[in-house]
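entry-v4.pdb follows (PDB, C-alpha atoms, pLDDT in the B column):
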ATOM      1  CA  CYS R  13      86.167  34.989-155.756  1.00 92.00           C
ATOM      2  CA  SER R  14      88.242  37.168-158.090  1.00 92.00           C
ATOM      3  CA  ARG R  15      87.171  39.430-160.972  1.00 89.00           C
ATOM      4  CA  SER R  16      90.668  39.457-162.437  1.00 85.00           C
ATOM      5  CA  GLY R  17      91.593  36.943-165.109  1.00 81.00           C
ATOM      6  CA  GLN R  18      88.766  34.461-165.718  1.00 83.00           C
ATOM      7  CA  ALA R  19      86.409  36.105-163.172  1.00 90.00           C
ATOM      8  CA  VAL R  20      85.535  33.000-161.191  1.00 92.00           C
ATOM      9  CA  CYS R  21      84.790  31.889-157.669  1.00 92.00           C
ATOM     10  CA  THR R  22      86.907  28.919-156.632  1.00 92.00           C
ATOM     11  CA  LEU R  23      85.308  26.623-154.055  1.00 90.00           C
ATOM     12  CA  THR R  24      87.856  24.440-152.279  1.00 88.00           C
ATOM     13  CA  HIS R  25      86.972  21.626-149.877  1.00 83.00           C
ATOM     14  CA  LYS R  26      89.838  20.423-147.703  1.00 77.00           C
ATOM     15  CA  ALA R  27      89.630  17.239-145.621  1.00 68.00           C
ATOM     16  CA  MET R  28      92.328  15.194-143.886  1.00 61.00           C
ATOM     17  CA  LEU R  29      92.937  12.948-146.894  1.00 68.00           C
ATOM     18  CA  LYS R  30      91.362  14.772-149.826  1.00 75.00           C
ATOM     19  CA  THR R  31      91.111  18.222-151.376  1.00 81.00           C
ATOM     20  CA  THR R  32      88.603  19.067-154.121  1.00 86.00           C
ATOM     21  CA  THR R  33      88.267  22.285-156.116  1.00 88.00           C
ATOM     22  CA  ARG R  34      85.387  23.637-158.180  1.00 88.00           C
ATOM     23  CA  SER R  35      85.233  26.809-160.277  1.00 91.00           C
ATOM     24  CA  ILE R  36      82.064  28.867-160.629  1.00 92.00           C
ATOM     25  CA  PRO R  37      81.922  31.769-163.109  1.00 93.00           C
ATOM     26  CA  ILE R  38      80.986  34.960-161.276  1.00 93.00           C
ATOM     27  CA  SER R  39      78.515  35.732-164.052  1.00 92.00           C
ATOM     28  CA  GLN R  40      76.524  32.637-162.998  1.00 93.00           C
ATOM     29  CA  LEU R  41      76.549  33.415-159.271  1.00 93.00           C
ATOM     30  CA  ARG R  42      73.366  35.174-158.112  1.00 94.00           C
ATOM     31  CA  GLU R  43      73.613  35.305-154.318  1.00 95.00           C
ATOM     32  CA  ALA R  44      74.660  33.554-151.137  1.00 95.00           C
ATOM     33  CA  TYR R  45      72.221  32.657-148.391  1.00 96.00           C
ATOM     34  CA  VAL R  46      72.149  30.685-145.139  1.00 94.00           C
ATOM     35  CA  GLY R  47      70.296  27.399-145.448  1.00 93.00           C
ATOM     36  CA  SER R  48      68.988  25.692-142.315  1.00 91.00           C
ATOM     37  CA  ASN R  49      68.249  22.121-141.323  1.00 87.00           C
ATOM     38  CA  VAL R  50      66.151  20.903-138.378  1.00 85.00           C
ATOM     39  CA  ASP R  51      66.778  17.388-137.081  1.00 77.00           C
ATOM     40  CA  SER R  52      64.325  14.999-135.423  1.00 74.00           C
ATOM     41  CA  GLU R  53      65.044  16.513-131.992  1.00 69.00           C
ATOM     42  CA  GLY R  54      64.279  20.050-133.143  1.00 76.00           C
ATOM     43  CA  ASP R  55      67.906  21.243-133.216  1.00 79.00           C
ATOM     44  CA  GLU R  56      68.665  23.659-136.068  1.00 87.00           C
ATOM     45  CA  THR R  57      71.964  23.788-137.949  1.00 88.00           C
ATOM     46  CA  TYR R  58      73.135  25.992-140.825  1.00 90.00           C
ATOM     47  CA  ARG R  59      75.406  26.266-143.848  1.00 89.00           C
ATOM     48  CA  VAL R  60      76.107  28.850-146.529  1.00 93.00           C
ATOM     49  CA  VAL R  61      74.619  28.055-149.946  1.00 94.00           C
ATOM     50  CA  LEU R  62      75.570  29.662-153.259  1.00 94.00           C
ATOM     51  CA  ARG R  63      72.669  30.214-155.652  1.00 94.00           C
ATOM     52  CA  THR R  64      73.782  29.934-159.286  1.00 94.00           C
ATOM     53  CA  ASP R  65      72.129  29.735-162.685  1.00 93.00           C
ATOM     54  CA  SER R  66      72.715  25.970-162.676  1.00 88.00           C
ATOM     55  CA  GLY R  67      71.409  25.338-159.160  1.00 92.00           C
ATOM     56  CA  ASP R  68      72.281  25.748-155.506  1.00 94.00           C
ATOM     57  CA  ILE R  69      75.793  24.820-154.324  1.00 93.00           C
ATOM     58  CA  PRO R  70      76.392  24.337-150.566  1.00 91.00           C
ATOM     59  CA  LEU R  71      79.618  25.865-149.300  1.00 86.00           C
ATOM     60  CA  THR R  72      80.093  22.879-146.952  1.00 84.00           C
ATOM     61  CA  SER R  73      78.990  19.252-147.194  1.00 79.00           C
ATOM     62  CA  SER R  74      77.204  19.384-143.830  1.00 80.00           C
ATOM     63  CA  SER R  75      75.380  21.846-141.619  1.00 83.00           C
ATOM     64  CA  SER R  76      76.598  22.963-138.199  1.00 81.00           C
ATOM     65  CA  SER R  77      75.629  25.289-135.384  1.00 80.00           C
ATOM     66  CA  GLY R  78      76.529  28.976-135.366  1.00 81.00           C
ATOM     67  CA  TYR R  79      74.171  31.048-137.482  1.00 87.00           C
ATOM     68  CA  ALA R  80      75.935  34.410-137.071  1.00 87.00           C
ATOM     69  CA  GLY R  81      79.252  33.336-138.615  1.00 86.00           C
ATOM     70  CA  LYS R  82      77.542  31.807-141.617  1.00 89.00           C
ATOM     71  CA  ARG R  83      75.357  34.900-142.072  1.00 92.00           C
ATOM     72  CA  ASP R  84      78.481  37.070-142.093  1.00 92.00           C
ATOM     73  CA  ASN R  85      80.091  34.886-144.771  1.00 91.00           C
ATOM     74  CA  ALA R  86      76.957  35.039-146.927  1.00 93.00           C
ATOM     75  CA  ASN R  87      76.831  38.839-146.504  1.00 94.00           C
ATOM     76  CA  ARG R  88      80.474  39.182-147.606  1.00 92.00           C
ATOM     77  CA  VAL R  89      79.812  37.211-150.796  1.00 93.00           C
ATOM     78  CA  ASN R  90      76.675  39.261-151.529  1.00 94.00           C
ATOM     79  CA  ALA R  91      78.515  42.528-150.916  1.00 93.00           C
ATOM     80  CA  PHE R  92      81.152  41.427-153.432  1.00 92.00           C
ATOM     81  CA  LEU R  93      78.530  40.547-156.039  1.00 92.00           C
ATOM     82  CA  GLN R  94      76.725  43.864-155.582  1.00 92.00           C
ATOM     83  CA  SER R  95      79.886  45.983-155.837  1.00 89.00           C
ATOM     84  CA  ALA R  96      81.545  45.831-159.238  1.00 83.00           C
ATOM     85  CA  GLY R  97      84.480  47.737-157.790  1.00 82.00           C
ATOM     86  CA  SER R  98      85.436  44.879-155.460  1.00 83.00           C
ATOM     87  CA  SER R  99      88.159  42.789-157.065  1.00 88.00           C
ATOM     88  CA  THR R 100      88.315  39.855-154.643  1.00 91.00           C
ATOM     89  CA  VAL R 101      86.583  38.299-151.647  1.00 90.00           C
ATOM     90  CA  SER R 102      87.542  35.261-149.611  1.00 88.00           C
ATOM     91  CA  VAL R 103      85.440  33.441-147.009  1.00 88.00           C
ATOM     92  CA  VAL R 104      86.385  30.406-144.943  1.00 81.00           C
ATOM     93  CA  GLN R 105      84.086  27.947-143.198  1.00 75.00           C
ATOM     94  CA  ASP R 106      86.278  25.570-141.198  1.00 64.00           C
ATOM     95  CA  ASP R 107      84.506  22.813-139.273  1.00 58.00           C
ATOM     96  CA  ARG R 108      87.498  20.466-139.205  1.00 53.00           C
ATOM     97  CA  LEU R 109      88.398  21.219-135.593  1.00 49.00           C
ATOM     98  CA  LEU R 110      84.971  20.060-134.421  1.00 49.00           C
ATOM     99  CA  ALA R 111      85.275  16.943-136.593  1.00 51.00           C
ATOM    100  CA  TYR R 112      88.701  16.176-135.119  1.00 51.00           C
ATOM    101  CA  ILE R 113      87.417  16.631-131.566  1.00 50.00           C
ATOM    102  CA  LEU R 114      84.421  14.379-132.208  1.00 50.00           C
ATOM    103  CA  GLY R 115      86.665  11.820-133.887  1.00 54.00           C
ATOM    104  CA  ALA R 116      88.976  11.809-130.876  1.00 54.00           C
ATOM    105  CA  ILE R 117      86.029  11.390-128.518  1.00 50.00           C
ATOM    106  CA  PHE R 118      84.601   8.454-130.472  1.00 54.00           C
ATOM    107  CA  ALA R 119      88.042   6.873-130.762  1.00 55.00           C
ATOM    108  CA  GLY R 120      88.452   7.227-127.003  1.00 54.00           C
ATOM    109  CA  VAL R 121      85.066   5.648-126.364  1.00 51.00           C
ATOM    110  CA  GLY R 122      85.937   2.779-128.709  1.00 52.00           C
ATOM    111  CA  SER R 123      89.223   2.192-126.890  1.00 51.00           C
ATOM    112  CA  LEU R 124      87.452   2.270-123.539  1.00 48.00           C
ATOM    113  CA  LEU R 125      84.879  -0.272-124.713  1.00 47.00           C
ATOM    114  CA  ALA R 126      87.679  -2.527-125.915  1.00 47.00           C
ATOM    115  CA  LEU R 127      89.343  -2.309-122.517  1.00 49.00           C
ATOM    116  CA  LEU R 128      86.145  -2.978-120.600  1.00 47.00           C
ATOM    117  CA  SER R 129      84.676  -5.703-122.818  1.00 57.00           C
ATOM    118  CA  SER R 130      85.314  -9.142-121.411  1.00 65.00           C
ATOM    119  CA  GLN R 131      85.397 -12.802-122.357  1.00 79.00           C
ATOM    120  CA  VAL R 132      82.887 -14.767-120.316  1.00 83.00           C
ATOM    121  CA  THR R 133      83.366 -18.486-119.615  1.00 88.00           C
ATOM    122  CA  LEU R 134      80.979 -20.709-117.672  1.00 91.00           C
ATOM    123  CA  ASP R 135      82.359 -24.103-116.627  1.00 90.00           C
ATOM    124  CA  LEU R 136      79.877 -26.663-115.286  1.00 91.00           C
ATOM    125  CA  ASP R 137      81.692 -29.606-113.664  1.00 90.00           C
ATOM    126  CA  ARG R 138      79.872 -32.545-112.071  1.00 87.00           C
ATOM    127  CA  SER R 139      83.132 -33.943-110.659  1.00 89.00           C
ATOM    128  CA  THR R 140      83.620 -30.878-108.467  1.00 91.00           C
ATOM    129  CA  GLY R 141      79.935 -29.969-108.203  1.00 91.00           C
ATOM    130  CA  LEU R 142      80.739 -26.405-109.180  1.00 93.00           C
ATOM    131  CA  ALA R 143      79.668 -23.836-111.747  1.00 92.00           C
ATOM    132  CA  VAL R 144      82.595 -21.459-112.315  1.00 91.00           C
ATOM    133  CA  LEU R 145      81.879 -18.121-113.995  1.00 89.00           C
ATOM    134  CA  SER R 146      85.061 -16.418-115.247  1.00 87.00           C
ATOM    135  CA  LYS R 147      85.236 -12.940-116.804  1.00 81.00           C
ATOM    136  CA  THR R 148      88.473 -11.694-118.368  1.00 79.00           C
ATOM    137  CA  SER R 149      89.106  -8.320-120.018  1.00 70.00           C
ATOM    138  CA  MET R 150      92.254  -6.383-120.880  1.00 69.00           C
ATOM    139  CA  ILE R 151      92.286  -4.738-117.445  1.00 70.00           C
ATOM    140  CA  THR R 152      90.140  -6.909-115.143  1.00 72.00           C
ATOM    141  CA  ARG R 153      89.638 -10.550-114.229  1.00 81.00           C
ATOM    142  CA  SER R 154      87.040 -12.125-111.978  1.00 84.00           C
ATOM    143  CA  ARG R 155      85.976 -15.628-110.917  1.00 88.00           C
ATOM    144  CA  GLU R 156      82.738 -16.656-109.230  1.00 90.00           C
ATOM    145  CA  GLU R 157      81.847 -20.151-108.002  1.00 91.00           C
ATOM    146  CA  TYR R 158      78.375 -21.600-107.416  1.00 92.00           C
ATOM    147  CA  LEU R 159      77.288 -25.042-106.236  1.00 94.00           C
ATOM    148  CA  LEU R 160      75.513 -26.956-108.975  1.00 92.00           C
ATOM    149  CA  GLU R 161      72.992 -28.191-106.432  1.00 93.00           C
ATOM    150  CA  ASP R 162      71.999 -24.574-105.720  1.00 94.00           C
ATOM    151  CA  LEU R 163      71.174 -23.856-109.368  1.00 95.00           C
ATOM    152  CA  ALA R 164      67.599 -24.256-110.574  1.00 95.00           C
ATOM    153  CA  GLY R 165      68.461 -23.412-114.179  1.00 95.00           C
ATOM    154  CA  ALA R 166      69.134 -20.562-116.569  1.00 95.00           C
ATOM    155  CA  GLU R 167      66.901 -17.969-118.180  1.00 96.00           C
ATOM    156  CA  VAL R 168      67.021 -15.197-120.762  1.00 95.00           C
ATOM    157  CA  GLN R 169      66.473 -11.730-119.317  1.00 95.00           C
ATOM    158  CA  GLU R 170      65.089  -8.946-121.486  1.00 94.00           C
ATOM    159  CA  SER R 171      65.578  -5.181-121.410  1.00 92.00           C
ATOM    160  CA  SER R 172      63.180  -3.085-123.491  1.00 89.00           C
ATOM    161  CA  SER R 173      63.506   0.504-124.688  1.00 85.00           C
ATOM    162  CA  SER R 174      62.187   2.698-127.475  1.00 81.00           C
ATOM    163  CA  ASP R 175      64.944   1.250-129.701  1.00 78.00           C
ATOM    164  CA  GLY R 176      63.795  -2.345-129.143  1.00 85.00           C
ATOM    165  CA  SER R 177      64.767  -5.249-126.887  1.00 90.00           C
ATOM    166  CA  THR R 178      68.141  -6.628-125.825  1.00 93.00           C
ATOM    167  CA  TYR R 179      68.944  -9.766-123.851  1.00 94.00           C
ATOM    168  CA  ARG R 180      71.341 -11.570-121.531  1.00 93.00           C
ATOM    169  CA  VAL R 181      71.540 -15.001-119.896  1.00 93.00           C
ATOM    170  CA  ALA R 182      71.338 -15.398-116.119  1.00 94.00           C
ATOM    171  CA  LEU R 183      71.735 -18.348-113.753  1.00 94.00           C
ATOM    172  CA  VAL R 184      68.783 -18.899-111.415  1.00 95.00           C
ATOM    173  CA  GLN R 185      69.237 -20.288-107.911  1.00 95.00           C
ATOM    174  CA  HIS R 186      66.587 -22.252-106.015  1.00 94.00           C
ATOM    175  CA  SER R 187      66.412 -19.263-103.664  1.00 93.00           C
ATOM    176  CA  GLY R 188      65.224 -17.104-106.576  1.00 93.00           C
ATOM    177  CA  ALA R 189      68.486 -15.142-106.872  1.00 92.00           C
ATOM    178  CA  ARG R 190      69.667 -14.318-110.388  1.00 93.00           C
ATOM    179  CA  MET R 191      73.326 -14.179-111.477  1.00 92.00           C
ATOM    180  CA  PRO R 192      73.694 -12.622-114.957  1.00 92.00           C
ATOM    181  CA  LEU R 193      76.547 -14.023-117.048  1.00 89.00           C
ATOM    182  CA  THR R 194      77.196 -10.490-118.356  1.00 86.00           C
ATOM    183  CA  GLY R 195      76.606  -7.068-116.852  1.00 81.00           C
ATOM    184  CA  TYR R 196      75.102  -5.797-120.093  1.00 82.00           C
ATOM    185  CA  TYR R 197      72.320  -6.687-122.510  1.00 88.00           C
ATOM    186  CA  SER R 198      72.840  -7.145-126.246  1.00 87.00           C
ATOM    187  CA  SER R 199      70.884  -8.118-129.336  1.00 87.00           C
ATOM    188  CA  GLY R 200      70.442 -11.717-130.491  1.00 87.00           C
ATOM    189  CA  TYR R 201      67.690 -13.470-128.563  1.00 92.00           C
ATOM    190  CA  LYS R 202      68.015 -16.828-130.307  1.00 91.00           C
ATOM    191  CA  ALA R 203      71.692 -17.345-129.460  1.00 90.00           C
ATOM    192  CA  LYS R 204      71.077 -16.496-125.818  1.00 91.00           C
ATOM    193  CA  GLN R 205      68.043 -18.791-125.618  1.00 93.00           C
ATOM    194  CA  ASN R 206      70.140 -21.609-127.103  1.00 92.00           C
ATOM    195  CA  LEU R 207      72.788 -21.007-124.423  1.00 92.00           C
ATOM    196  CA  ALA R 208      70.172 -21.049-121.643  1.00 93.00           C
ATOM    197  CA  ASP R 209      68.746 -24.294-123.084  1.00 94.00           C
ATOM    198  CA  GLU R 210      72.204 -25.929-123.061  1.00 92.00           C
ATOM    199  CA  ILE R 211      72.767 -24.943-119.428  1.00 93.00           C
ATOM    200  CA  ASN R 212      69.332 -26.266-118.440  1.00 92.00           C
ATOM    201  CA  LYS R 213      69.963 -29.503-120.361  1.00 92.00           C
ATOM    202  CA  PHE R 214      73.176 -30.033-118.386  1.00 92.00           C
ATOM    203  CA  LEU R 215      71.652 -29.196-115.005  1.00 91.00           C
ATOM    204  CA  HIS R 216      68.533 -31.293-115.499  1.00 88.00           C
ATOM    205  CA  GLY R 217      70.083 -34.099-117.538  1.00 75.00           C
TER
END

For the file at hand, write its structure as structure tokens.
Amino acid sequence: CSRSGQAVCTLTHKAMLKTTTRSIPISQLREAYVGSNVDSEGDETYRVVLRTDSGDIPLTSSSSSGYAGKRDNANRVNAFLQSAGSSTVSVVQDDRLLAYILGAIFAGVGSLLALLSSQVTLDLDRSTGLAVLSKTSMITRSREEYLLEDLAGAEVQESSSSDGSTYRVALVQHSGARMPLTGYYSSGYKAKQNLADEINKFLHG
């Protein structure tokens, strides 16, 4: 904010790929205050908000933790507004470092999932009497063999949580042992039931 020249406060938002600027006449700026937001888990975050004649203008597009720093920024703006002798004031709220860290974490998790995710192939061969379960990922490869005569069929296993149900297909031996085709559950019951039906059709056909 500067009282020289046009007497405006210039609000600049800088992101990695975009910078936007907005001018607010000092005569229309009434105060700055710290707004709060409470999420579904009860965690409270904050951001500085400028109160103007035309409505409230958040200093940042999102809230974040750290009340004290945002209170200090609001106090500096208010001190400027209350003192006509102050010519300029500048406050900075920089949350980009946190965004970059979170982005790097999520990118790392995505890369890890890509490395660990695997292609699963089940070959049922009457000529050899074997069921061969192969799993291939970018960093691992495994192969398991079962006798067809030991297999009673296939079933869809379900895992339930507060977010809903997920599923996976498993081979069932006459002994009662279960051999999941994947180590994880995922959505899409119908596709997995269709796969189990195809396996059962082959084994019992």

statement: Shortest contact to Gln40 of chain R, candidates R:Ser99, R:Ser66, R:Ser77, R:Ser139, atoms counted only C-alpha atoms, goes to R:Ser66

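Using the PyMOL selection byres ((chain R and resi 183) around 8) on this structure selects Leu163, Ala164, Gly165, Ala166, Glu167, Val181, Ala182, Val184, Gln185, Arg190, Met191, Pro192 and Leu193 of chain R.
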
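Residue nearest Asp68 of chain R within the list R:Asp55, R:Asp84, R:Asp175, R:Glu43: R:Glu43 [criterion: smallest interatomic distance, all atoms listed in the file].
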
query: Mind telling me what the PyMOL selection byres ((chain R and resi 201) around 9) catches here, as a ChimeraX atom specification?
result: /R:168,170,177-180,198-200,202-206

query: Which of these, R:Ser76, R:His216, R:Ala86, R:Val103, has the shortest distance to Asp51 of chain R once you count only C-alpha atoms?
result: R:Ser76

query: Which is closer to Thr33 of chain R than all the others in R:Leu145, R:Val46, R:Leu71, R:Val60, using only C-alpha atoms?
result: R:Leu71

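All residues of protein, DNA or RNA that reach within 10 Å of Ser102 of chain R, judged by only C-alpha atoms and not counting those fewer than 4 positions away in the chain, are Cys13, Ser14, Cys21, Thr22, Leu23, Asn85, Arg88, Val89 and Phe92 of chain R.
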
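With atom CA of Gly188 of chain R on one side and atom CA of Glu161 of chain R on the other, the separation reads 13.5 Å.
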
message: Can you tell me which residues surround Ala143 of chain R at a distance of at most 6 Å, considering only C-alpha atoms, apart from same-chain residues fewer than 2 positions away, and format the answer as an MDAnalysis selection string?
response: chainID R and resid 135:136 157:158 160

- request: Select, from R:Asn90, R:Gln18, R:Gln169, R:Thr72, the residue with the minimum atom-to-atom distance to Val104 of chain R, counting only C-alpha atoms.
  value: R:Thr72

All residues 10 Å or closer to Arg42 of chain R, all atoms listed in the file, same chain fewer than 3 positions away omitted, as an MDAnalysis selection string: chainID R and resid 38:39 62:65 68 89:90 93:94

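Taking atom CA of Ser98 of chain R as the reference point, atom CA of Lys26 of chain R is found at 26.0 Å.
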
- prompt: If you measure from atom CA of Gln131 of chain R to atom CA of Asp209 of chain R, what distance in Å do you get, rounded to one decimal?
  reply: 20.2 Å

- request: May I ask which of the residues R:Ala189, R:Gly78, R:Pro70, R:Ser16 is the closest one to Glu56 of chain R, counting only C-alpha atoms?
  value: R:Gly78

Could you put an axis-aligned box around every listed atom of segment 151-161 of chain R, padded by 8 Å on each side, and send me its centre and edge lengths in Å to one decimal, as lines of an AutoDock Vina configuration file?
center_x = 82.6
center_y = -16.5
center_z = -111.8
size_x = 35.3
size_y = 39.5
size_z = 27.2

task: Give as a ChimeraX atom specification the residues that the PyMOL selection byres ((chain R and resi 147) around 12) matches when applied to the coordinates above.
output: /R:128-135,144-146,148-157,192-195
